Amino acid sequence: YEQRSVHIMHVSARESVATVRVAQAAGTAVTAEVSPHHLCLTDDTVRTLDTNRKMNPPLRSEDDRQALLEGLRDGTIACIATDHAPHARHEKETPFEEAPFGVTGLETAFAALYTFLVEPGELELGLVLERMSAGPARIFGLPVPRIEEGERANLVLLDLDATWRVTESAFRSKSANSWLLGRMLRGAIVKTIADGRVVHAA
């Protein structure tokens with residue numbers, strides 16, 4: 001038989017991290033990813049009944065969050081993915097039980113991780129950057145980005161001293177269902193170069 005690989009999306013529970021770790025140790029070709037909101041938040045935040053904090057899988061306990069962080073540190077989880085799930089304002093402006101699952105994450109992913117995890121010392125900056133770039137590339141068989149003469153430039157320029165407030169008007173996305181609305185974040189993406197072209201400049 002032909003062995004196939006499996007990628008587990010949106011890991012959120014400590015039992016899932018443990019299962020992936022055991023499978024990898026047994027030689028199974030399994031990889032996993034985690035989202036910024038599951039790394040930064042716990043189920044305590046859902047008590048506000050803010051529909052921008054309603055997501056699937058749901059937020060879990062501090063023990064689960066710590067297991068996710070440990071999974072990133074030891075390599076069990078090789079990828080951080082935004083789980084970007086935009087919704088129109090009217091969809092989220094409903095009672096919590098009726099609101100759709102999902103939050104935006106694309107435009108705030110790095111700054112959220114830097115503010116809530118890197119600056120407090122829970123994760124190293126280099127680890128976060130690797131899990132958002134080279135880690136995913138390896139999983140899906142893509143060229144690992146590198147800075148080298150003759151290579152097409154794939155770079156992100158970061159300003160780690162920049163502070164900015166998350167507001168609806170700042171989003172380029174048509175949706176702003178973010179759990180970070182109103183929060184001050186540290187760390188900004190100043191420029192993005194993809195395949196040698198500037199595709200974003202602040």
# chains A, B, ... in the order shown; residues from 1 in each chain; ligands from 1
call {"tool": "select_by_dssp", "arguments": {"residues": "region 14-195 of chain A", "states": "alpha helix (DSSP H)", "output": "MDAnalysis selection string"}}
result
chainID A and resid 14:25 36:40 62:73 89:92 109:113 125:131 134:139
call {"tool": "select_by_dssp", "arguments": {"residues": "chain A", "states": "strand (DSSP E)", "output": "VMD selection string"}}
result
chain A and resid 6 to 8 30 to 34 79 to 80 155 to 165 184 to 194 197 to 201
call {"tool": "atom_distance", "arguments": {"atom1": "CA of Ser12 (chain A)", "atom2": "CA of His38 (chain A)"}}
result
6.1 Å
call {"tool": "closest_residue", "arguments": {"among": "A:Lys191, A:Arg186, A:Arg138, A:Val46", "to": "Pro120 (chain A)", "atoms": "only C-alpha atoms"}}
result
A:Arg186
call {"tool": "closest_atom_pairs", "arguments": {"of": "region 150-183 of chain A", "to": "region 91-97 of chain A", "cutoff": "12 Å", "atoms": "only C-alpha atoms", "output": "JSON lines"}}
result
{"residue": "A:Ser175", "atom": "CA", "partner": "A:Lys92", "partner_atom": "CA", "distance": 10.5}
{"residue": "A:Ala176", "atom": "CA", "partner": "A:Lys92", "partner_atom": "CA", "distance": 10.1}
{"residue": "A:Asn177", "atom": "CA", "partner": "A:Lys92", "partner_atom": "CA", "distance": 7.4}
{"residue": "A:Ser178", "atom": "CA", "partner": "A:Lys92", "partner_atom": "CA", "distance": 10.5}
{"residue": "A:Trp179", "atom": "CA", "partner": "A:Lys92", "partner_atom": "CA", "distance": 11.7}
call {"tool": "closest_residue", "arguments": {"among": "A:His37, A:Arg47, A:Arg73, A:Arg165", "to": "Val17 (chain A)", "atoms": "only C-alpha atoms"}}
result
A:Arg73
call {"tool": "closest_residue", "arguments": {"among": "A:Arg197, A:Asp83, A:Thr76, A:Thr48", "to": "Ala23 (chain A)", "atoms": "only C-alpha atoms"}}
result
A:Thr76
call {"tool": "residues_around", "arguments": {"residues": "Trp164 (chain A)", "least_positions_apart": "3", "cutoff": "8 Å", "atoms": "only C-alpha atoms", "output": "ChimeraX atom specification"}}
result
/A:184-186,188
call {"tool": "closest_residue", "arguments": {"among": "A:Glu148, A:Pro100, A:Ala13, A:Leu69", "to": "Glu124 (chain A)", "atoms": "only C-alpha atoms"}}
result
A:Leu69
call {"tool": "atom_distance", "arguments": {"atom1": "CA of Leu39 (chain A)", "atom2": "CA of Arg4 (chain A)"}}
result
28.4 Å
call {"tool": "closest_residue", "arguments": {"among": "A:Gly27, A:Pro136, A:Val156, A:Thr115", "to": "Ile189 (chain A)", "atoms": "only C-alpha atoms"}}
result
A:Val156
call {"tool": "residues_around", "arguments": {"residues": "Val190 (chain A)", "least_positions_apart": "2", "cutoff": "10 Å", "atoms": "only C-alpha atoms", "output": "ChimeraX atom specification"}}
result
/A:156-160,162,187-188,192,200-202
call {"tool": "closest_residue", "arguments": {"among": "A:Asp50, A:Glu122, A:Glu151, A:Glu33", "to": "Val20 (chain A)", "atoms": "only C-alpha atoms"}}
result
A:Glu33
